[in-house]
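Peer 1: What follows is a single structure, and I will ask about it in a moment.
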Amino acid sequence: MATYKKIKHVLYPDSTITLALYSGLESCKDLRKSVMEGTVVASLLKPSMIVDPFQVLTAANKAVHLSRTNNMTTKNVHSEILFCLSPSKNISESFRSFGAADSDTSVFVAIVDDAEDKTLTRISEILGLSPVSIDDVASLADTVLITKAYKLSEEEISTYPILDALVSRIAAKEIITAGKGKN
Amino acid sequence: MAVLQGAEAKLYLGGDFYGRPCIIKERFQKNYRHPILDKALTSQRIKSEVRANLRCRIAGIQTPTIFMVNFDTNSIYMEEIQDAVTVRQHINTVQAAELNPASACSQLKPLAEAIGRTLAKMHTSNIIHGDLTTSNMLLEGDPSELSLFLIDFGLSSFEASAEDKGVDLYVLERAFLSSHPNSQELFDCILAAYTDQTQDKNACKEVISKLDEVRLRGRKRTMVG
């Protein structure tokens, strides 16, 4: 399985982030159930909201940093990844738009500190599938939906690659949302 | 990792953020300030810097992509613009190569127009850069392609007033004329493009007349009366 990626955190080299993509699932129901019950600890993301693995990496990087500095908004680092990825300040809305749903036929998985890839192996078992190349997520992305969710302006999309627009927004989320109303 | 030191921050060059070239701008502690004030000012400046950067992007102006903001170390991780020169370097290169000032000026005219258009976009979105100099503008790739980036929003603010926009232009004019000899004509090109690009002609006229006023009195408002 050379298809998934396990990456060391930029600030905390003792922490790793695993990214994997599964496609062609019948349903995401069993996996979601295991995550809800806590037998599998991972973030399940909606591939249609992801243009590039780097987008998830930015959110995961931030989530790990917030968890290390005790500044998380949500309960754990995996839910924080979902929250960081979303432009919304509302946790349940973030989960609804960026978390995998039961009916999804593909899922993007992010796992923090997966020792010996145990969690990833367990996920592959539950789904009965091996992960595909994470870069395939680009072909699953729904840019219209993404543009709407992140409220990207037309000038912005014509000036930048969409990924860069998203990355900046994810990195600066609390700063832009805090600035609302004032000016 | 190369380090550049400014008055407000240290810049670490040549970093890597998950495979993308990255620079880290770290605002260090100022020991001459009261710690509480220092903390408040630093965090406020980081926020306004990031906010202005994003606002510019939304307006379609090129700025470095922000990768991460670390409030613990007061650092901003952002994209390193590869293969870029500052506008200042570029003007110096052109002026040094071209002994005839008139022909140097005509070569730099398209750049001046690009700067004017970019600033018009920025001011239309009510973003005041606060520190417009030719060193805070980058040209990516071949300078003739005019891929202009604005950087360093550390002193930026959000104001709709003609006064602030006028001062912003005045700061650039002073920086322009003091770092580049024989450049009044170029600055006039910037202003012409700025005026041309701004949709709201009345507001623009007001900004230009404020600029004339500021030229007479300097950047600081007169406190008489």
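Residues in the structure tokens are named by chain (A, B, ... in the order shown) and by number from 1 within that chain; ligands are numbered from 1 in the order shown.
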Which residues of chain B have any atom within 7 Å of an atom in chain A when counting only C-alpha atoms, and what is the closest pair of atoms for each, with the distance in Å to one decimal? Order the rows by chain and rising number and write it as CSV.
Peer 2:
residue,atom,partner,partner_atom,distance
B:Phe17,CA,A:Val10,CA,6.7
B:Lys47,CA,A:Ile175,CA,6.1
B:Val50,CA,A:Ala172,CA,6.9
B:Arg51,CA,A:Ile176,CA,6.2
B:Arg57,CA,A:Glu156,CA,5.9
B:Ile58,CA,A:Glu156,CA,5.1
B:Ala59,CA,A:Glu155,CA,6.0
B:Gly60,CA,A:Glu155,CA,4.5
B:Thr65,CA,A:Ser168,CA,5.6
B:Ile66,CA,A:Ser168,CA,4.7
B:Phe67,CA,A:Ala171,CA,5.6
B:Met68,CA,A:Ala171,CA,4.8
B:Val69,CA,A:Ala171,CA,6.4
Peer 1: Next, dump the selected residues to file, keeping only C-alpha atoms, as an mmCIF file, in the first residue's frame.
Peer 2:
data_model
loop_
_atom_site.group_PDB
_atom_site.id
_atom_site.type_symbol
_atom_site.label_atom_id
_atom_site.label_comp_id
_atom_site.auth_asym_id
_atom_site.auth_seq_id
_atom_site.Cartn_x
_atom_site.Cartn_y
_atom_site.Cartn_z
ATOM 1 C CA PHE B 17 5.675 23.422 4.516
ATOM 2 C CA LYS B 47 -4.347 39.519 12.780
ATOM 3 C CA VAL B 50 -3.402 38.190 7.775
ATOM 4 C CA ARG B 51 -6.758 39.860 7.343
ATOM 5 C CA ARG B 57 -6.776 38.026 -2.364
ATOM 6 C CA ILE B 58 -10.538 38.277 -2.377
ATOM 7 C CA ALA B 59 -10.191 41.469 -4.415
ATOM 8 C CA GLY B 60 -8.022 39.551 -6.880
ATOM 9 C CA THR B 65 -0.653 32.197 0.385
ATOM 10 C CA ILE B 66 -0.914 31.849 4.159
ATOM 11 C CA PHE B 67 -0.169 28.314 5.332
ATOM 12 C CA MET B 68 -0.458 28.665 9.075
ATOM 13 C CA VAL B 69 -0.704 31.208 11.857
#
Peer 1: Within 7 Å of region 25-28 of chain B, counting only C-alpha atoms, which residues qualify if same-chain residues fewer than 2 places away don't, as a PyMOL selection string?
Peer 2: chain B and resi 8-12+23+30+42+74-77
Peer 1: Region 184-193 of chain B: which residues within 7 Å, counting only C-alpha atoms, same-chain residues fewer than 2 positions away excluded, as a PyMOL selection string?
Peer 2: chain B and resi 105+109+112-113+115-117+173+177+182+195-197
Peer 1: Could you give me, as a short mmCIF file (atom, residue, chain, number, x, y, z; two decimals) with N, CA and C atoms, in the first residue's frame, the residues within 9 Å of Glu49 (chain B), counting only C-alpha atoms and dropping anything in the same chain fewer than 6 positions from it?
Peer 2:
data_model
loop_
_atom_site.label_atom_id
_atom_site.label_comp_id
_atom_site.auth_asym_id
_atom_site.auth_seq_id
_atom_site.Cartn_x
_atom_site.Cartn_y
_atom_site.Cartn_z
N ASP B 152 3.88 42.19 2.88
CA ASP B 152 4.06 42.92 4.13
C ASP B 152 2.90 43.85 4.48
N PHE B 153 1.86 43.25 5.01
CA PHE B 153 0.68 44.03 5.40
C PHE B 153 0.69 44.34 6.89
N GLY B 154 1.88 44.35 7.46
CA GLY B 154 2.00 44.54 8.90
C GLY B 154 1.43 45.85 9.42
N LEU B 155 1.38 46.87 8.58
CA LEU B 155 0.88 48.17 9.04
C LEU B 155 -0.47 48.50 8.41
N SER B 156 -1.13 47.46 7.90
CA SER B 156 -2.35 47.75 7.14
C SER B 156 -3.54 48.02 8.05
N SER B 157 -4.54 48.66 7.46
CA SER B 157 -5.78 48.90 8.18
C SER B 157 -6.91 48.93 7.16
#
Peer 1: DSSP on the backbone: which residues in region 16-194 of chain B end up as strand (DSSP E or B)? Give the answer as a PDB file with N, CA and C atoms, in the first residue's frame.
Peer 2:
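And here is the file that came out, states.pdb:
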ATOM      1  N   ASP B  16      10.153  24.800   4.540  1.00  0.00           N
ATOM      2  CA  ASP B  16       9.358  23.874   3.750  1.00  0.00           C
ATOM      3  C   ASP B  16       8.088  23.544   4.516  1.00  0.00           C
ATOM      4  N   PHE B  17       6.948  23.756   3.893  1.00  0.00           N
ATOM      5  CA  PHE B  17       5.675  23.422   4.516  1.00  0.00           C
ATOM      6  C   PHE B  17       5.050  22.299   3.703  1.00  0.00           C
ATOM      7  N   ARG B  20       5.983  22.548   0.158  1.00  0.00           N
ATOM      8  CA  ARG B  20       5.911  23.833  -0.540  1.00  0.00           C
ATOM      9  C   ARG B  20       6.864  24.814   0.117  1.00  0.00           C
ATOM     10  N   PRO B  21       7.587  25.598  -0.704  1.00  0.00           N
ATOM     11  CA  PRO B  21       8.540  26.558  -0.145  1.00  0.00           C
ATOM     12  C   PRO B  21       7.825  27.569   0.742  1.00  0.00           C
ATOM     13  N   CYS B  22       8.414  27.835   1.887  1.00  0.00           N
ATOM     14  CA  CYS B  22       7.690  28.603   2.886  1.00  0.00           C
ATOM     15  C   CYS B  22       8.624  29.565   3.596  1.00  0.00           C
ATOM     16  N   ILE B  23       8.124  30.726   3.959  1.00  0.00           N
ATOM     17  CA  ILE B  23       8.891  31.615   4.820  1.00  0.00           C
ATOM     18  C   ILE B  23       8.109  31.793   6.123  1.00  0.00           C
ATOM     19  N   ILE B  24       8.834  32.009   7.188  1.00  0.00           N
ATOM     20  CA  ILE B  24       8.189  32.203   8.482  1.00  0.00           C
ATOM     21  C   ILE B  24       8.482  33.614   8.946  1.00  0.00           C
ATOM     22  N   LYS B  25       7.429  34.352   9.229  1.00  0.00           N
ATOM     23  CA  LYS B  25       7.609  35.706   9.726  1.00  0.00           C
ATOM     24  C   LYS B  25       7.270  35.696  11.203  1.00  0.00           C
ATOM     25  N   GLU B  26       8.281  35.877  12.018  1.00  0.00           N
ATOM     26  CA  GLU B  26       8.075  35.789  13.457  1.00  0.00           C
ATOM     27  C   GLU B  26       8.227  37.166  14.081  1.00  0.00           C
ATOM     28  N   ARG B  27       7.166  37.611  14.727  1.00  0.00           N
ATOM     29  CA  ARG B  27       7.243  38.893  15.430  1.00  0.00           C
ATOM     30  C   ARG B  27       7.810  38.617  16.813  1.00  0.00           C
ATOM     31  N   GLN B  62      -2.635  39.653  -6.104  1.00  0.00           N
ATOM     32  CA  GLN B  62      -1.772  38.536  -5.719  1.00  0.00           C
ATOM     33  C   GLN B  62      -1.022  38.859  -4.428  1.00  0.00           C
ATOM     34  N   ILE B  66      -1.204  32.092   2.747  1.00  0.00           N
ATOM     35  CA  ILE B  66      -0.914  31.849   4.159  1.00  0.00           C
ATOM     36  C   ILE B  66      -1.089  30.359   4.441  1.00  0.00           C
ATOM     37  N   PHE B  67      -0.081  29.739   5.032  1.00  0.00           N
ATOM     38  CA  PHE B  67      -0.169  28.314   5.332  1.00  0.00           C
ATOM     39  C   PHE B  67      -0.621  28.066   6.764  1.00  0.00           C
ATOM     40  N   MET B  68      -0.169  28.913   7.671  1.00  0.00           N
ATOM     41  CA  MET B  68      -0.458  28.665   9.075  1.00  0.00           C
ATOM     42  C   MET B  68      -0.185  29.933   9.887  1.00  0.00           C
ATOM     43  N   VAL B  69      -0.969  30.119  10.936  1.00  0.00           N
ATOM     44  CA  VAL B  69      -0.704  31.208  11.857  1.00  0.00           C
ATOM     45  C   VAL B  69      -0.486  30.594  13.225  1.00  0.00           C
ATOM     46  N   ASN B  70       0.656  30.851  13.800  1.00  0.00           N
ATOM     47  CA  ASN B  70       0.959  30.285  15.110  1.00  0.00           C
ATOM     48  C   ASN B  70       0.955  31.407  16.152  1.00  0.00           C
ATOM     49  N   SER B  75       3.993  33.735  14.851  1.00  0.00           N
ATOM     50  CA  SER B  75       4.576  33.553  13.523  1.00  0.00           C
ATOM     51  C   SER B  75       3.504  33.331  12.466  1.00  0.00           C
ATOM     52  N   ILE B  76       3.804  33.815  11.296  1.00  0.00           N
ATOM     53  CA  ILE B  76       2.967  33.515  10.141  1.00  0.00           C
ATOM     54  C   ILE B  76       3.796  32.674   9.186  1.00  0.00           C
ATOM     55  N   TYR B  77       3.240  31.540   8.786  1.00  0.00           N
ATOM     56  CA  TYR B  77       3.900  30.697   7.793  1.00  0.00           C
ATOM     57  C   TYR B  77       3.268  31.022   6.465  1.00  0.00           C
ATOM     58  N   MET B  78       4.050  31.478   5.520  1.00  0.00           N
ATOM     59  CA  MET B  78       3.446  31.748   4.220  1.00  0.00           C
ATOM     60  C   MET B  78       4.314  31.312   3.063  1.00  0.00           C
ATOM     61  N   GLU B  79       3.677  31.313   1.916  1.00  0.00           N
ATOM     62  CA  GLU B  79       4.325  30.883   0.685  1.00  0.00           C
ATOM     63  C   GLU B  79       5.520  31.768   0.377  1.00  0.00           C
ATOM     64  N   ALA B  84      11.519  35.566  -7.690  1.00  0.00           N
ATOM     65  CA  ALA B  84      10.914  36.889  -7.731  1.00  0.00           C
ATOM     66  C   ALA B  84      11.959  37.954  -7.421  1.00  0.00           C
ATOM     67  N   VAL B  85      11.757  39.139  -7.960  1.00  0.00           N
ATOM     68  CA  VAL B  85      12.588  40.285  -7.565  1.00  0.00           C
ATOM     69  C   VAL B  85      11.657  41.354  -7.024  1.00  0.00           C
ATOM     70  N   THR B  86      12.173  42.221  -6.167  1.00  0.00           N
ATOM     71  CA  THR B  86      11.336  43.323  -5.720  1.00  0.00           C
ATOM     72  C   THR B  86      11.271  44.343  -6.866  1.00  0.00           C
ATOM     73  N   ILE B 127      -8.827  48.742   1.566  1.00  0.00           N
ATOM     74  CA  ILE B 127      -7.659  48.245   2.273  1.00  0.00           C
ATOM     75  C   ILE B 127      -6.566  49.301   2.167  1.00  0.00           C
ATOM     76  N   ILE B 128      -6.030  49.710   3.311  1.00  0.00           N
ATOM     77  CA  ILE B 128      -4.910  50.637   3.331  1.00  0.00           C
ATOM     78  C   ILE B 128      -3.671  49.818   3.657  1.00  0.00           C
ATOM     79  N   MET B 137       6.747  45.272  -3.025  1.00  0.00           N
ATOM     80  CA  MET B 137       6.059  44.743  -4.214  1.00  0.00           C
ATOM     81  C   MET B 137       7.026  43.801  -4.894  1.00  0.00           C
ATOM     82  N   LEU B 138       6.521  42.627  -5.260  1.00  0.00           N
ATOM     83  CA  LEU B 138       7.376  41.641  -5.910  1.00  0.00           C
ATOM     84  C   LEU B 138       6.913  41.397  -7.333  1.00  0.00           C
ATOM     85  N   LEU B 139       7.876  41.099  -8.189  1.00  0.00           N
ATOM     86  CA  LEU B 139       7.550  40.652  -9.537  1.00  0.00           C
ATOM     87  C   LEU B 139       7.989  39.209  -9.651  1.00  0.00           C
ATOM     88  N   GLU B 140       7.020  38.342  -9.925  1.00  0.00           N
ATOM     89  CA  GLU B 140       7.321  36.918  -9.990  1.00  0.00           C
ATOM     90  C   GLU B 140       7.678  36.548 -11.427  1.00  0.00           C
ATOM     91  N   SER B 147       3.716  40.044 -13.204  1.00  0.00           N
ATOM     92  CA  SER B 147       2.995  39.280 -12.201  1.00  0.00           C
ATOM     93  C   SER B 147       3.319  39.895 -10.837  1.00  0.00           C
ATOM     94  N   LEU B 148       2.487  40.858 -10.451  1.00  0.00           N
ATOM     95  CA  LEU B 148       2.790  41.706  -9.292  1.00  0.00           C
ATOM     96  C   LEU B 148       2.178  41.162  -8.001  1.00  0.00           C
ATOM     97  N   PHE B 149       3.007  41.015  -6.976  1.00  0.00           N
ATOM     98  CA  PHE B 149       2.557  40.581  -5.655  1.00  0.00           C
ATOM     99  C   PHE B 149       2.720  41.738  -4.675  1.00  0.00           C
ATOM    100  N   LEU B 150       1.755  41.925  -3.808  1.00  0.00           N
ATOM    101  CA  LEU B 150       1.937  42.855  -2.698  1.00  0.00           C
ATOM    102  C   LEU B 150       2.299  42.036  -1.468  1.00  0.00           C
ATOM    103  N   SER B 157      -4.537  48.661   7.460  1.00  0.00           N
ATOM    104  CA  SER B 157      -5.783  48.902   8.183  1.00  0.00           C
ATOM    105  C   SER B 157      -6.906  48.934   7.155  1.00  0.00           C
ATOM    106  N   PHE B 158      -8.127  49.035   7.646  1.00  0.00           N
ATOM    107  CA  PHE B 158      -9.266  49.082   6.741  1.00  0.00           C
ATOM    108  C   PHE B 158      -9.973  50.406   6.928  1.00  0.00           C
TER     109      PHE B 158
END
Peer 1: Which residues come within 9 Å of Gly24 (chain A), counting only C-alpha atoms, excluding same-chain residues fewer than 5 positions away, as a tab-separated table (two decimals) with C-alpha atoms, in the first residue's frame?
Peer 2:
chain	number	residue	atom	x	y	z
A	105	THR	CA	-19.33	6.06	-2.18
A	106	SER	CA	-15.91	7.49	-1.39
A	129	LEU	CA	-10.97	-2.24	0.16
Peer 1: I want to know what sits within 10 Å of Ser86 (chain A), based on only C-alpha atoms, with residues of the same chain fewer than 3 positions away left out; could you give that as a compact mmCIF listing (two decimals) with C-alpha atoms, in the first residue's frame?
Peer 2:
# COMPACT_ATOMS: atom_id res chain seq x y z
CA MET A 49 -15.19 19.05 -0.75
CA ALA A 59 -6.36 21.63 8.24
CA GLU A 80 -10.93 19.40 15.02
CA ILE A 81 -9.58 18.47 11.57
CA LEU A 82 -13.13 18.54 10.25
CA PHE A 83 -13.82 21.82 11.95
CA LYS A 89 -17.94 28.55 12.87
CA ASN A 90 -20.73 26.13 13.57
CA ILE A 91 -19.49 22.67 14.52
CA GLU A 93 -22.76 22.53 10.18
CA SER A 94 -19.08 21.79 9.56
CA PHE A 95 -19.71 18.10 10.16
CA ARG A 96 -22.69 18.10 7.86
CA SER A 97 -20.94 19.74 4.92
CA PHE A 98 -17.41 18.33 5.30
CA GLY A 99 -17.90 14.99 7.05
CA ALA A 149 -19.08 26.73 0.75
CA TYR A 150 -15.93 28.83 1.08
CA LEU A 166 -8.75 27.44 0.26
CA ARG A 169 -8.86 30.58 4.31
CA ILE A 170 -8.28 27.46 6.36
CA LYS A 173 -10.19 30.96 9.65
Peer 1: One decimal, in Å: what's the spacing between CA of Val94 (chain B) and CA of Leu111 (chain B)?
Peer 2: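 Pair CA of Val94 (chain B) / CA of Leu111 (chain B) returns 11.6 Å.
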Peer 1: Running DSSP on the backbone, which parts of region 26-124 of chain A land in helix (DSSP H, G or I), as an NGL selection string?
Peer 2: :A and (29-37 or 47-49 or 53-68 or 77-85 or 91-98 or 115-124)
Peer 1: What's around Thr16 (chain A) at 10 Å? Count only C-alpha atoms, leave out sequence neighbours fewer than 3 positions away in its own chain, and write the answer as a VMD selection string.
Peer 2: chain A and resid 5 to 10 12 to 13 19 60 to 61 64 111 to 115
Peer 1: Generate the output file for the selected residues, C-alpha atoms, as an mmCIF file, in the first residue's frame.
Peer 2:
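Result saved to out03.cif:
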data_model
loop_
_atom_site.group_PDB
_atom_site.id
_atom_site.type_symbol
_atom_site.label_atom_id
_atom_site.label_comp_id
_atom_site.auth_asym_id
_atom_site.auth_seq_id
_atom_site.Cartn_x
_atom_site.Cartn_y
_atom_site.Cartn_z
ATOM 1 C CA LYS A 5 0.588 9.088 2.863
ATOM 2 C CA LYS A 6 1.955 9.346 6.363
ATOM 3 C CA ILE A 7 3.521 12.716 7.026
ATOM 4 C CA LYS A 8 5.435 14.170 9.947
ATOM 5 C CA HIS A 9 4.008 17.339 11.435
ATOM 6 C CA VAL A 10 6.053 20.438 10.526
ATOM 7 C CA TYR A 12 5.949 18.518 16.056
ATOM 8 C CA PRO A 13 8.048 15.844 14.323
ATOM 9 C CA LEU A 19 -4.019 10.633 4.675
ATOM 10 C CA ALA A 60 -4.779 18.618 9.977
ATOM 11 C CA ASN A 61 -1.579 20.522 10.593
ATOM 12 C CA VAL A 64 -2.643 19.092 15.695
ATOM 13 C CA ILE A 111 -5.615 9.998 11.088
ATOM 14 C CA VAL A 112 -3.319 11.624 13.602
ATOM 15 C CA ASP A 113 -0.591 9.448 15.176
ATOM 16 C CA ASP A 114 -1.623 6.141 13.681
ATOM 17 C CA ALA A 115 0.975 3.847 15.270
#
Peer 1: Quick check, in Å to one decimal: how far apart do CA of Leu13 (chain B) and CA of Glu80 (chain B) lie?
Peer 2: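 Interatomic distance, CA of Leu13 (chain B) to CA of Glu80 (chain B): 7.7 Å.
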Peer 1: Expressed in Å to a single decimal, how great is the separation between CA of Val35 (chain A) and CA of Ser139 (chain A)?
Peer 2: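 One can read the CA of Val35 (chain A) to CA of Ser139 (chain A) distance as 25.8 Å.
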